[in-house]
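Q: Got a structure for you, written out below as structure tokens; questions coming shortly.
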Amino acid sequence: MNPTTTAAWRALASQSESIRASHLREVFAQDPSRAQRMAVKACGIYLDYSKNRISDEVLNQLVKLAEETGVPAHARKMFAGEKINNTEKRAVLHTALRNLGDTPVMVDGQNVIPAVREVRSRTNAFARRVRSGEWLGYTGQTITDVVNIGIGGSDLGPLMVVEALKPLADGPRLHFVSNVDSLHLNQTLKDLDPARTLFIVASKTFTTIETLTNARSARAWLLEAAQGDKSAIARHFVAVSTNKEKVSEFGIDLENMFGFWDWVGGRYSLWSSIGLPIAVALGPDGFEELLAGAYEMDQHFQNAPIRENLPYLLALLGVWYNNFLDAKSHVVAPYNQTLHRLPAFLQQLDMESNGKSVRADGEAVSYATGPVIWGEPGTNGQHAFFQLLHQGTSLIPVDFILALDQPGQIEPHRTSQIANCLAQASALMQGKTQAEVQAEMREKGVSEAQITELLTHREFSGNRPSNMMLLDDLSPRTLGALIALYEHKVFVQGVIWGLNSFDQWGVELGKQLATGIEQRLSTPNSAPGYDASTEALINYVKAAKR
Ligand code: G6Q
């Protein structure tokens with residue numbers, strides 16, 4: 001439906017006038033209980049959303065907006081396996097992959113849970129064999145290095161999780177190759193021993209050019225070492241895919257293939273056998289814990305009232321900024337270094353799901369949809385782009401994410417990490433008035449003339465909103481909950497905007513175009529078929545290649 005036709009949308013539009021005129025500093029001064037009231041804890045995640053430019057009335061209307069646009073009913077459909085991905089006629093069931101309950105989940109009259117558990121027990125058993133040293137390479141040696149070859153959803157999820165939980169990893173070393181640029185593969189392989197390296201070729205379709213190109217080169221690297229002995233492939237290549245035919249065509253034994261299903265979207269697939277690298281790095285128990293954390297968040301999302309529901313709150317705040325306060329982008333700033341790929345992961349999750357201008361019903365939208373998501377680990381960002389967050393001309397809400405406990409953290413680093421995170425959120429909200437700048441400079445003995453000259457430069461407007469998410473720890477369980485939190489946030493926003501968050505025609509376009517241009521580049525005298533600029537570039541590259 002068109003959300004702008006709801007009563008809540010109209011009420012929010014009129015509320016936005018007074019919110020624009022108010023300052024969070026005053027709002028806090030007038031309401032001492034705000035920080036306690038606007039905080040929720042669930043699944044090991046404490047969310048303080050008090051530093052947002054909202055009032056209780058705005059929050060009430062946002063909750064109504066979720067109800068009026070039918071979010072809870074749509075969520076029930078997703079969990080029940082209805083084909084809510086209408087353009088691809090598919091169910092959307094990443095939640096079934098981590099469903100630890102007993103209720104069947106039906107797709108086309110079949111309960112999918114037994115198949116999910118069967119594949120997981122195979123991936124877990126395989127991970128155990130590789131980790132224990134039972135799985136041997138072609139020379140009879142154990143595996144020391146595992147290289148995941150995949151891209152997009154078949155890369156970012158496992159990569160982000162393996163990085164995030166690195167302090168807990170106790171299996172073989174994990175590497176991820178995604179870019180078709182040969183340097184990515186070559187730089188990764190240059191220090192590895194073919195006899196002790198295992199490749200996981202991860203591709204839902206098994207037709208993605210980048211992945212197949214990298215996988216073929218990896219196979220050639222292995223065969224060169226094995227002096228052309230093709231039987232080595234079965235010891236060093238496994239596939240994660242939905243496409244048996246293509247896997248077989250590539251030369252991977254179907255015994256070494258781990259499947260999943262069309263109802264698992266690429267960017268939602270880390271819970272499936274695409275998560276195999278996670279099970280190899282952490283062990284099956286670690287992977288199961290990740291699933292358990294996500295399942296806990298699924299329960300919270302389905303059962304907690306909207307006002308106390310983490311995914312709903314994050315989503316509704318995002319809609320508020322996007323549609324009523326003209327914020328066009330949103331920053332994710334994790335303060336734990338091992339979460340360094342989280343912004344990239346969320347960028348895909350959010351922008352690929354909701355970066356759309358046509359609703360699920362085929363009508364063009366007349367309102368903003370998915371924002372630009374970007375970010376970097378916290379303290380690094382402070383020494384770079386945070387300047388713009390503090391004093392730039394755009395309103396950019398920030399998600400601060402900080403896990404309070406992580407193996408390997410030591411003092412004084414930990415306290416400094418926490419202090420930096422809290423300080424930034426406070427500074428964005430409070431700002432610094434001219435009077436404060438003046439007083440600060442006078443105390444330092446700065447001359448009046450200099451104070452006058454620098455006053456406006458050193459003033460901070462404040463009133464810049466943020467969410468603070470404090471995680472009990474950076475364990476598989478809490479990370480699982482955090483990822484599921486963002487998945488459901490994206491879902492809620494997608495429903496409010498009336499989108500199908502589960503297709504990705506923009507990505508498909510890229511795949512299609514690259515194939516054609518690749519042919520044009522490698523076939524002499526092929527007929528031109530692109531726009532004039534692209535044709536000129538093709539000719540330039542061909543000439544340069546020569
Ligand atoms: C994810 C997207 C996309 C996809 C990659 C890889 O939701 O569809 O990022 O994951 O293009 O696709 P394959 O797994 O099929 O190689």
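Numbering starts fresh at 1 for the residues of each chain in the structure tokens, the chains themselves are lettered A, B, ... in the order given, and ligands are numbered from 1 as they appear.
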Report as a tab-separated table the residues of chain A within 9 Å of ligand 1, each with its shortest atom pair and distance in Å (one decimal), using only C-alpha atoms and all ligand atoms, ordered by chain and increasing residue number.
A:
```
residue	atom	partner	partner_atom_place_in_ligand_line	distance
A:Gly150	CA	ligand 1	16 (O)	6.2
A:Ile151	CA	ligand 1	6 (C)	5.0
A:Gly152	CA	ligand 1	9 (O)	3.4
A:Gly153	CA	ligand 1	10 (O)	3.3
A:Ser154	CA	ligand 1	14 (O)	4.8
A:Asp155	CA	ligand 1	10 (O)	7.6
A:Leu156	CA	ligand 1	9 (O)	8.5
A:Ala202	CA	ligand 1	14 (O)	6.3
A:Ser203	CA	ligand 1	14 (O)	3.4
A:Lys204	CA	ligand 1	14 (O)	3.7
A:Thr205	CA	ligand 1	15 (O)	3.7
A:Phe206	CA	ligand 1	16 (O)	5.5
A:Thr207	CA	ligand 1	16 (O)	6.3
A:Thr208	CA	ligand 1	16 (O)	4.6
A:Ile209	CA	ligand 1	16 (O)	8.0
A:Glu210	CA	ligand 1	16 (O)	8.1
A:Thr211	CA	ligand 1	16 (O)	6.4
A:Leu212	CA	ligand 1	16 (O)	8.4
A:Val240	CA	ligand 1	14 (O)	8.8
A:Ser241	CA	ligand 1	14 (O)	7.3
A:Thr242	CA	ligand 1	15 (O)	8.6
A:Val264	CA	ligand 1	7 (O)	8.8
A:Gly265	CA	ligand 1	7 (O)	5.2
A:Gly266	CA	ligand 1	7 (O)	3.5
A:Arg267	CA	ligand 1	7 (O)	3.8
A:Tyr268	CA	ligand 1	7 (O)	6.7
A:Ser269	CA	ligand 1	7 (O)	8.0
A:Ile274	CA	ligand 1	14 (O)	8.8
A:Gln348	CA	ligand 1	9 (O)	7.4
A:Leu349	CA	ligand 1	7 (O)	7.5
A:Glu352	CA	ligand 1	7 (O)	6.9
A:Ser353	CA	ligand 1	7 (O)	7.8
A:Phe502	CA	ligand 1	7 (O)	7.6
A:Asp503	CA	ligand 1	8 (O)	7.5
A:Gln504	CA	ligand 1	8 (O)	6.0
A:Trp505	CA	ligand 1	8 (O)	8.6
A:Val507	CA	ligand 1	8 (O)	6.5
A:Glu508	CA	ligand 1	11 (O)	7.5
A:Lys511	CA	ligand 1	11 (O)	7.7
```
Q: Could you write out that same residue set with N, CA, C and O atoms as a compact mmCIF listing (two decimals), in the first residue's frame?
A:
```
# COMPACT_ATOMS: atom_id res chain seq x y z
N GLY A 150 33.44 -16.52 -3.26
CA GLY A 150 32.04 -16.14 -3.45
C GLY A 150 31.98 -14.62 -3.51
O GLY A 150 32.99 -13.95 -3.26
N ILE A 151 30.82 -14.09 -3.80
CA ILE A 151 30.72 -12.62 -3.86
C ILE A 151 29.33 -12.21 -3.39
O ILE A 151 28.39 -13.01 -3.41
N GLY A 152 29.21 -10.96 -2.96
CA GLY A 152 27.91 -10.43 -2.50
C GLY A 152 27.42 -11.24 -1.31
O GLY A 152 28.15 -11.47 -0.35
N GLY A 153 26.20 -11.74 -1.43
CA GLY A 153 25.63 -12.50 -0.33
C GLY A 153 26.39 -13.79 -0.04
O GLY A 153 26.29 -14.34 1.06
N SER A 154 27.16 -14.28 -0.99
CA SER A 154 27.90 -15.51 -0.78
C SER A 154 29.31 -15.23 -0.24
O SER A 154 30.17 -16.11 -0.23
N ASP A 155 29.51 -13.99 0.20
CA ASP A 155 30.82 -13.59 0.73
C ASP A 155 30.66 -12.77 2.00
O ASP A 155 31.22 -13.09 3.05
N LEU A 156 29.89 -11.67 1.87
CA LEU A 156 29.89 -10.67 2.95
C LEU A 156 29.42 -11.19 4.31
O LEU A 156 29.98 -10.81 5.34
N ALA A 202 31.30 -20.80 -3.17
CA ALA A 202 29.98 -20.47 -2.64
C ALA A 202 29.23 -19.62 -3.65
O ALA A 202 29.61 -18.48 -3.92
N SER A 203 28.20 -20.19 -4.24
CA SER A 203 27.40 -19.42 -5.19
C SER A 203 26.02 -20.04 -5.28
O SER A 203 25.89 -21.22 -5.68
N LYS A 204 25.02 -19.26 -4.93
CA LYS A 204 23.65 -19.78 -4.98
C LYS A 204 23.32 -20.28 -6.39
O LYS A 204 22.83 -21.38 -6.58
N THR A 205 23.64 -19.46 -7.39
CA THR A 205 23.29 -19.81 -8.77
C THR A 205 24.37 -20.64 -9.47
O THR A 205 24.11 -21.33 -10.45
N PHE A 206 25.59 -20.52 -8.99
CA PHE A 206 26.77 -21.11 -9.62
C PHE A 206 26.93 -20.63 -11.07
O PHE A 206 27.44 -21.34 -11.94
N THR A 207 26.50 -19.41 -11.32
CA THR A 207 26.69 -18.83 -12.66
C THR A 207 27.36 -17.46 -12.56
O THR A 207 27.55 -16.80 -13.58
N THR A 208 27.70 -17.02 -11.37
CA THR A 208 28.25 -15.67 -11.19
C THR A 208 29.68 -15.61 -11.73
O THR A 208 30.55 -16.37 -11.29
N ILE A 209 29.89 -14.71 -12.68
CA ILE A 209 31.18 -14.67 -13.40
C ILE A 209 32.38 -14.56 -12.47
O ILE A 209 33.35 -15.29 -12.60
N GLU A 210 32.30 -13.61 -11.55
CA GLU A 210 33.46 -13.37 -10.67
C GLU A 210 33.84 -14.64 -9.93
O GLU A 210 35.01 -15.03 -9.86
N THR A 211 32.84 -15.31 -9.38
CA THR A 211 33.09 -16.49 -8.57
C THR A 211 33.63 -17.63 -9.42
O THR A 211 34.60 -18.30 -9.05
N LEU A 212 33.02 -17.83 -10.58
CA LEU A 212 33.48 -18.94 -11.42
C LEU A 212 34.88 -18.67 -11.97
O LEU A 212 35.70 -19.59 -12.07
N VAL A 240 29.00 -24.77 -2.26
CA VAL A 240 27.76 -24.44 -1.55
C VAL A 240 26.89 -23.76 -2.58
O VAL A 240 27.26 -22.72 -3.13
N SER A 241 25.77 -24.38 -2.91
CA SER A 241 24.97 -23.86 -4.02
C SER A 241 23.57 -24.45 -4.02
O SER A 241 23.28 -25.40 -3.29
N THR A 242 22.72 -23.90 -4.89
CA THR A 242 21.41 -24.50 -5.11
C THR A 242 21.38 -25.20 -6.48
O THR A 242 20.38 -25.78 -6.85
N VAL A 264 16.02 -18.79 0.14
CA VAL A 264 17.05 -18.11 0.94
C VAL A 264 17.68 -17.06 0.05
O VAL A 264 18.38 -17.38 -0.91
N GLY A 265 17.44 -15.79 0.34
CA GLY A 265 18.03 -14.71 -0.47
C GLY A 265 19.52 -14.63 -0.19
O GLY A 265 19.98 -14.90 0.93
N GLY A 266 20.31 -14.26 -1.21
CA GLY A 266 21.77 -14.20 -1.05
C GLY A 266 22.20 -13.44 0.20
O GLY A 266 22.98 -13.93 1.01
N ARG A 267 21.68 -12.23 0.37
CA ARG A 267 22.12 -11.40 1.50
C ARG A 267 21.57 -11.88 2.84
O ARG A 267 21.90 -11.32 3.88
N TYR A 268 20.69 -12.88 2.78
CA TYR A 268 20.14 -13.46 4.02
C TYR A 268 20.64 -14.90 4.22
O TYR A 268 20.03 -15.66 4.96
N SER A 269 21.74 -15.25 3.52
CA SER A 269 22.06 -16.68 3.43
C SER A 269 23.12 -17.17 4.40
O SER A 269 23.44 -18.35 4.41
N ILE A 274 25.83 -21.55 3.32
CA ILE A 274 26.75 -20.45 3.01
C ILE A 274 27.57 -20.10 4.26
O ILE A 274 28.67 -19.56 4.19
N GLN A 348 24.90 -3.84 2.14
CA GLN A 348 24.24 -4.74 1.18
C GLN A 348 22.84 -5.10 1.66
O GLN A 348 21.87 -5.02 0.89
N LEU A 349 22.75 -5.50 2.92
CA LEU A 349 21.46 -5.95 3.46
C LEU A 349 20.39 -4.88 3.23
O LEU A 349 19.30 -5.16 2.73
N GLU A 352 20.41 -3.21 -0.83
CA GLU A 352 19.95 -4.13 -1.87
C GLU A 352 18.48 -4.50 -1.63
O GLU A 352 17.75 -4.80 -2.56
N SER A 353 18.07 -4.45 -0.37
CA SER A 353 16.69 -4.82 -0.05
C SER A 353 15.72 -3.67 -0.32
O SER A 353 14.65 -3.86 -0.89
N PHE A 502 12.94 -8.34 -1.19
CA PHE A 502 13.67 -9.59 -1.39
C PHE A 502 14.05 -9.91 -2.83
O PHE A 502 14.54 -10.99 -3.11
N ASP A 503 13.81 -8.97 -3.73
CA ASP A 503 14.36 -9.17 -5.08
C ASP A 503 15.53 -8.19 -5.25
O ASP A 503 15.84 -7.40 -4.34
N GLN A 504 16.23 -8.24 -6.37
CA GLN A 504 17.41 -7.40 -6.57
C GLN A 504 17.69 -7.27 -8.07
O GLN A 504 18.70 -7.72 -8.56
N TRP A 505 16.74 -6.65 -8.77
CA TRP A 505 16.89 -6.57 -10.23
C TRP A 505 18.08 -5.73 -10.61
O TRP A 505 18.66 -5.92 -11.68
N VAL A 507 21.02 -5.81 -9.21
CA VAL A 507 22.19 -6.69 -9.20
C VAL A 507 22.16 -7.58 -10.45
O VAL A 507 23.18 -7.79 -11.11
N GLU A 508 20.97 -8.06 -10.78
CA GLU A 508 20.84 -8.93 -11.96
C GLU A 508 21.29 -8.18 -13.21
O GLU A 508 21.95 -8.73 -14.08
N LYS A 511 24.99 -8.26 -13.65
CA LYS A 511 25.48 -9.57 -14.08
C LYS A 511 25.31 -9.72 -15.59
O LYS A 511 26.19 -10.17 -16.30
```
Q: Could you list, as a PDB file with N, CA and C atoms, in the first residue's frame, every residue within 12 Å of Lys41 of chain A, counting only C-alpha atoms and ignoring same-chain residues fewer than 3 positions away?
A:
```
ATOM      1  N   GLN A  36      15.857   6.821  30.636  1.00  0.00           N
ATOM      2  CA  GLN A  36      15.368   5.533  31.172  1.00  0.00           C
ATOM      3  C   GLN A  36      14.173   5.048  30.355  1.00  0.00           C
ATOM      4  N   ARG A  37      13.288   5.997  30.029  1.00  0.00           N
ATOM      5  CA  ARG A  37      12.075   5.617  29.291  1.00  0.00           C
ATOM      6  C   ARG A  37      12.384   5.113  27.895  1.00  0.00           C
ATOM      7  N   MET A  38      13.344   5.777  27.243  1.00  0.00           N
ATOM      8  CA  MET A  38      13.610   5.428  25.841  1.00  0.00           C
ATOM      9  C   MET A  38      14.801   4.486  25.744  1.00  0.00           C
ATOM     10  N   GLY A  44      20.479  -9.671  24.718  1.00  0.00           N
ATOM     11  CA  GLY A  44      21.857  -9.243  24.988  1.00  0.00           C
ATOM     12  C   GLY A  44      22.204  -7.880  24.405  1.00  0.00           C
ATOM     13  N   ILE A  45      21.189  -7.164  23.929  1.00  0.00           N
ATOM     14  CA  ILE A  45      21.447  -5.849  23.308  1.00  0.00           C
ATOM     15  C   ILE A  45      20.639  -4.771  24.038  1.00  0.00           C
ATOM     16  N   TYR A  46      21.358  -3.791  24.569  1.00  0.00           N
ATOM     17  CA  TYR A  46      20.708  -2.667  25.231  1.00  0.00           C
ATOM     18  C   TYR A  46      20.663  -1.515  24.231  1.00  0.00           C
ATOM     19  N   LEU A  47      19.455  -1.085  23.907  1.00  0.00           N
ATOM     20  CA  LEU A  47      19.304   0.030  22.958  1.00  0.00           C
ATOM     21  C   LEU A  47      18.847   1.268  23.705  1.00  0.00           C
ATOM     22  N   ASP A  48      19.685   2.304  23.648  1.00  0.00           N
ATOM     23  CA  ASP A  48      19.271   3.607  24.167  1.00  0.00           C
ATOM     24  C   ASP A  48      18.919   4.455  22.941  1.00  0.00           C
ATOM     25  N   TYR A  49      17.624   4.737  22.775  1.00  0.00           N
ATOM     26  CA  TYR A  49      17.223   5.545  21.609  1.00  0.00           C
ATOM     27  C   TYR A  49      16.741   6.928  22.024  1.00  0.00           C
ATOM     28  N   MET A 297      16.189 -13.477  18.568  1.00  0.00           N
ATOM     29  CA  MET A 297      15.731 -12.183  18.039  1.00  0.00           C
ATOM     30  C   MET A 297      14.454 -12.359  17.208  1.00  0.00           C
ATOM     31  N   HIS A 300      11.710 -12.423  19.666  1.00  0.00           N
ATOM     32  CA  HIS A 300      11.494 -11.072  20.189  1.00  0.00           C
ATOM     33  C   HIS A 300      10.720 -10.234  19.168  1.00  0.00           C
ATOM     34  N   ALA A 304       7.345  -9.239  20.984  1.00  0.00           N
ATOM     35  CA  ALA A 304       7.401  -8.049  21.853  1.00  0.00           C
ATOM     36  C   ALA A 304       6.503  -6.950  21.295  1.00  0.00           C
ATOM     37  N   ARG A 307       6.470  -1.015  20.707  1.00  0.00           N
ATOM     38  CA  ARG A 307       7.224   0.032  21.421  1.00  0.00           C
ATOM     39  C   ARG A 307       8.425  -0.499  22.174  1.00  0.00           C
ATOM     40  N   GLU A 308       8.463  -1.803  22.383  1.00  0.00           N
ATOM     41  CA  GLU A 308       9.618  -2.385  23.091  1.00  0.00           C
ATOM     42  C   GLU A 308      10.366  -3.357  22.193  1.00  0.00           C
ATOM     43  N   ASN A 309      10.167  -3.198  20.918  1.00  0.00           N
ATOM     44  CA  ASN A 309      10.665  -4.174  19.964  1.00  0.00           C
ATOM     45  C   ASN A 309      11.854  -3.577  19.196  1.00  0.00           C
ATOM     46  N   LEU A 310      13.014  -4.151  19.383  1.00  0.00           N
ATOM     47  CA  LEU A 310      14.238  -3.555  18.821  1.00  0.00           C
ATOM     48  C   LEU A 310      14.165  -3.352  17.302  1.00  0.00           C
ATOM     49  N   PRO A 311      13.836  -4.385  16.516  1.00  0.00           N
ATOM     50  CA  PRO A 311      13.803  -4.137  15.064  1.00  0.00           C
ATOM     51  C   PRO A 311      12.777  -3.074  14.668  1.00  0.00           C
ATOM     52  N   LEU A 313      11.727  -0.567  16.499  1.00  0.00           N
ATOM     53  CA  LEU A 313      12.176   0.771  16.909  1.00  0.00           C
ATOM     54  C   LEU A 313      13.213   1.321  15.937  1.00  0.00           C
ATOM     55  N   MET A 468      22.252   4.205  20.462  1.00  0.00           N
ATOM     56  CA  MET A 468      23.403   3.557  21.100  1.00  0.00           C
ATOM     57  C   MET A 468      23.021   2.114  21.378  1.00  0.00           C
ATOM     58  N   MET A 469      23.795   1.201  20.797  1.00  0.00           N
ATOM     59  CA  MET A 469      23.532  -0.217  21.069  1.00  0.00           C
ATOM     60  C   MET A 469      24.703  -0.804  21.830  1.00  0.00           C
ATOM     61  N   LEU A 470      24.454  -1.164  23.080  1.00  0.00           N
ATOM     62  CA  LEU A 470      25.502  -1.778  23.896  1.00  0.00           C
ATOM     63  C   LEU A 470      25.231  -3.280  23.956  1.00  0.00           C
ATOM     64  N   LEU A 471      26.195  -4.051  23.447  1.00  0.00           N
ATOM     65  CA  LEU A 471      26.041  -5.507  23.433  1.00  0.00           C
ATOM     66  C   LEU A 471      26.721  -6.070  24.679  1.00  0.00           C
ATOM     67  N   ASP A 472      26.085  -7.043  25.323  1.00  0.00           N
ATOM     68  CA  ASP A 472      26.701  -7.649  26.506  1.00  0.00           C
ATOM     69  C   ASP A 472      28.099  -8.145  26.181  1.00  0.00           C
ATOM     70  N   ALA A 481      22.026 -12.335  17.179  1.00  0.00           N
ATOM     71  CA  ALA A 481      20.869 -11.484  17.493  1.00  0.00           C
ATOM     72  C   ALA A 481      20.991 -10.121  16.804  1.00  0.00           C
TER      73      ALA A 481
END
```
Q: Can you check which residues of segment 153-233 of chain A DSSP gives as helix (DSSP H, G or I) on the backbone and send them as a PyMOL selection string?
A: chain A and resi 153-154+156-164+166-168+182-189+194-196+209-225+230-233
Q: Let me see the file: selected residues, N, CA and C atoms, as a CSV table (one decimal), in the first residue's frame.
A:
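Output file part33.csv follows:
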```csv
chain,number,residue,atom,x,y,z
A,153,GLY,N,26.2,-11.7,-1.4
A,153,GLY,CA,25.6,-12.5,-0.3
A,153,GLY,C,26.4,-13.8,0.0
A,154,SER,N,27.2,-14.3,-1.0
A,154,SER,CA,27.9,-15.5,-0.8
A,154,SER,C,29.3,-15.2,-0.2
A,156,LEU,N,29.9,-11.7,1.9
A,156,LEU,CA,29.9,-10.7,3.0
A,156,LEU,C,29.4,-11.2,4.3
A,157,GLY,N,28.4,-12.1,4.3
A,157,GLY,CA,27.9,-12.6,5.6
A,157,GLY,C,28.9,-13.4,6.3
A,158,PRO,N,29.4,-14.5,5.7
A,158,PRO,CA,30.4,-15.3,6.4
A,158,PRO,C,31.7,-14.5,6.7
A,159,LEU,N,32.1,-13.6,5.8
A,159,LEU,CA,33.3,-12.8,6.0
A,159,LEU,C,33.1,-12.0,7.2
A,160,MET,N,32.0,-11.2,7.3
A,160,MET,CA,31.8,-10.3,8.4
A,160,MET,C,31.7,-11.1,9.7
A,161,VAL,N,31.1,-12.3,9.7
A,161,VAL,CA,31.0,-13.0,11.0
A,161,VAL,C,32.3,-13.6,11.4
A,162,VAL,N,33.0,-14.2,10.4
A,162,VAL,CA,34.3,-14.8,10.8
A,162,VAL,C,35.3,-13.7,11.3
A,163,GLU,N,35.2,-12.5,10.7
A,163,GLU,CA,36.1,-11.4,11.2
A,163,GLU,C,35.6,-11.0,12.6
A,164,ALA,N,34.3,-10.9,12.8
A,164,ALA,CA,33.8,-10.4,14.1
A,164,ALA,C,34.2,-11.3,15.2
A,166,LYS,N,36.7,-13.5,15.3
A,166,LYS,CA,38.1,-14.0,15.1
A,166,LYS,C,38.8,-14.4,16.4
A,167,PRO,N,38.6,-13.6,17.5
A,167,PRO,CA,39.2,-14.0,18.8
A,167,PRO,C,38.8,-15.4,19.2
A,168,LEU,N,37.7,-15.9,18.7
A,168,LEU,CA,37.2,-17.2,19.2
A,168,LEU,C,37.5,-18.3,18.2
A,182,SER,N,42.4,-10.4,-10.4
A,182,SER,CA,43.2,-11.6,-10.1
A,182,SER,C,44.1,-11.4,-8.9
A,183,LEU,N,44.4,-10.1,-8.6
A,183,LEU,CA,45.2,-9.9,-7.4
A,183,LEU,C,44.6,-10.3,-6.1
A,184,HIS,N,43.3,-10.3,-6.1
A,184,HIS,CA,42.6,-10.8,-4.8
A,184,HIS,C,42.9,-12.2,-4.6
A,185,LEU,N,42.8,-13.0,-5.6
A,185,LEU,CA,43.1,-14.5,-5.5
A,185,LEU,C,44.6,-14.7,-5.3
A,186,ASN,N,45.3,-14.1,-6.2
A,186,ASN,CA,46.8,-14.3,-6.2
A,186,ASN,C,47.4,-13.9,-4.9
A,187,GLN,N,47.0,-12.7,-4.4
A,187,GLN,CA,47.6,-12.3,-3.1
A,187,GLN,C,47.2,-13.2,-2.0
A,188,THR,N,46.0,-13.8,-2.1
A,188,THR,CA,45.6,-14.7,-1.0
A,188,THR,C,46.4,-16.0,-1.1
A,189,LEU,N,46.6,-16.5,-2.3
A,189,LEU,CA,47.2,-17.8,-2.5
A,189,LEU,C,48.7,-17.8,-2.4
A,194,PRO,N,49.2,-25.5,-1.7
A,194,PRO,CA,48.0,-26.2,-2.4
A,194,PRO,C,47.6,-27.5,-1.7
A,195,ALA,N,48.6,-28.2,-1.2
A,195,ALA,CA,48.3,-29.5,-0.6
A,195,ALA,C,47.6,-29.4,0.7
A,196,ARG,N,47.5,-28.2,1.3
A,196,ARG,CA,46.9,-28.0,2.6
A,196,ARG,C,45.8,-27.0,2.5
A,209,ILE,N,29.9,-14.7,-12.7
A,209,ILE,CA,31.2,-14.7,-13.4
A,209,ILE,C,32.4,-14.6,-12.5
A,210,GLU,N,32.3,-13.6,-11.6
A,210,GLU,CA,33.5,-13.4,-10.7
A,210,GLU,C,33.8,-14.6,-9.9
A,211,THR,N,32.8,-15.3,-9.4
A,211,THR,CA,33.1,-16.5,-8.6
A,211,THR,C,33.6,-17.6,-9.4
A,212,LEU,N,33.0,-17.8,-10.6
A,212,LEU,CA,33.5,-18.9,-11.4
A,212,LEU,C,34.9,-18.7,-12.0
A,213,THR,N,35.2,-17.4,-12.3
A,213,THR,CA,36.5,-17.1,-12.8
A,213,THR,C,37.5,-17.4,-11.7
A,214,ASN,N,37.2,-16.9,-10.5
A,214,ASN,CA,38.2,-17.2,-9.4
A,214,ASN,C,38.3,-18.7,-9.1
A,215,ALA,N,37.2,-19.4,-9.2
A,215,ALA,CA,37.2,-20.8,-8.8
A,215,ALA,C,38.0,-21.6,-9.9
A,216,ARG,N,37.9,-21.2,-11.2
A,216,ARG,CA,38.6,-21.9,-12.2
A,216,ARG,C,40.1,-21.6,-12.0
A,217,SER,N,40.5,-20.4,-11.7
A,217,SER,CA,41.9,-20.1,-11.5
A,217,SER,C,42.5,-20.8,-10.3
A,218,ALA,N,41.6,-20.9,-9.2
A,218,ALA,CA,42.0,-21.7,-8.0
A,218,ALA,C,42.2,-23.2,-8.4
A,219,ARG,N,41.3,-23.7,-9.2
A,219,ARG,CA,41.5,-25.1,-9.6
A,219,ARG,C,42.7,-25.3,-10.4
A,220,ALA,N,43.1,-24.3,-11.3
A,220,ALA,CA,44.3,-24.5,-12.1
A,220,ALA,C,45.5,-24.4,-11.2
A,221,TRP,N,45.5,-23.6,-10.2
A,221,TRP,CA,46.6,-23.5,-9.2
A,221,TRP,C,46.8,-24.8,-8.5
A,222,LEU,N,45.7,-25.4,-8.1
A,222,LEU,CA,45.8,-26.7,-7.4
A,222,LEU,C,46.3,-27.8,-8.4
A,223,LEU,N,45.8,-27.8,-9.6
A,223,LEU,CA,46.1,-28.9,-10.6
A,223,LEU,C,47.6,-28.7,-11.0
A,224,GLU,N,48.1,-27.5,-11.0
A,224,GLU,CA,49.5,-27.3,-11.3
A,224,GLU,C,50.4,-28.0,-10.3
A,225,ALA,N,50.0,-27.8,-9.0
A,225,ALA,CA,50.8,-28.4,-7.9
A,225,ALA,C,50.6,-29.9,-8.0
A,230,LYS,N,43.6,-34.9,-11.6
A,230,LYS,CA,42.2,-34.3,-11.4
A,230,LYS,C,41.6,-34.9,-10.1
A,231,SER,N,42.1,-36.1,-9.6
A,231,SER,CA,41.4,-36.6,-8.4
A,231,SER,C,41.7,-35.7,-7.2
A,232,ALA,N,42.7,-34.8,-7.3
A,232,ALA,CA,43.0,-33.9,-6.2
A,232,ALA,C,41.8,-32.9,-6.0
A,233,ILE,N,41.0,-32.7,-7.1
A,233,ILE,CA,39.9,-31.7,-6.9
A,233,ILE,C,38.9,-32.1,-5.8
```
Q: So how far away is atom CA of Arg53 of chain A from atom CA of His23 of chain A, in Å?
A: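 Taking atom CA of His23 of chain A as the start and atom CA of Arg53 of chain A as the end point, the length is 7.9 Å.
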Q: With distances taken over only C-alpha atoms, which of A:Tyr486, A:Phe324, A:Tyr335, A:Tyr530 is nearest to Glu17 of chain A?
A: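 Among the listed residues, A:Phe324 lies closest to Glu17 of chain A.
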Q: Which is closer to Ala91 of chain A than all the others in A:Ser366, A:Gln438, A:Asn500, A:Ser273, using only C-alpha atoms?
A: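 That would be A:Asn500, the residue with the smallest distance to Ala91 of chain A.
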Q: If you run DSSP on this backbone, which residues of segment 9-196 of chain A come out as strand (DSSP E), and could you give them as a list in words?
A: Ala39, Val40, Lys41, Ala42, Ile45, Tyr46, Leu47, Asp48, Met106, Val107, Gln110, Asn111, Asp145, Val146, Val147, Asn148, Ile149, Arg173, Leu174, His175, Phe176 and Val177 of chain A
Q: Residues within 8 Å of Ser466 of chain A, please, as a ChimeraX atom specification. Count only C-alpha atoms; anything in the same chain fewer than 4 positions from it doesn't count.
A: /A:49,51-52,397-400,425,428-429
Q: Compare A:Leu59, A:Ala226, A:Ala439, A:Val541 by their minimum atom-to-atom distance to Tyr138 of chain A, counting only C-alpha atoms, and give me the closest one.
A: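 Among A:Leu59, A:Ala226, A:Ala439, A:Val541, it is A:Ala226 that comes nearest to Tyr138 of chain A.
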Q: Counting only C-alpha atoms, what is within 10 Å of Arg34 of chain A, bar same-chain residues fewer than 5 positions away, as a list in words?
A: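 That gives Val27, Phe28, Ala29, Ala39, Asp48, Tyr49, Ser50, Lys51, Ser55 and Asp56 of chain A.
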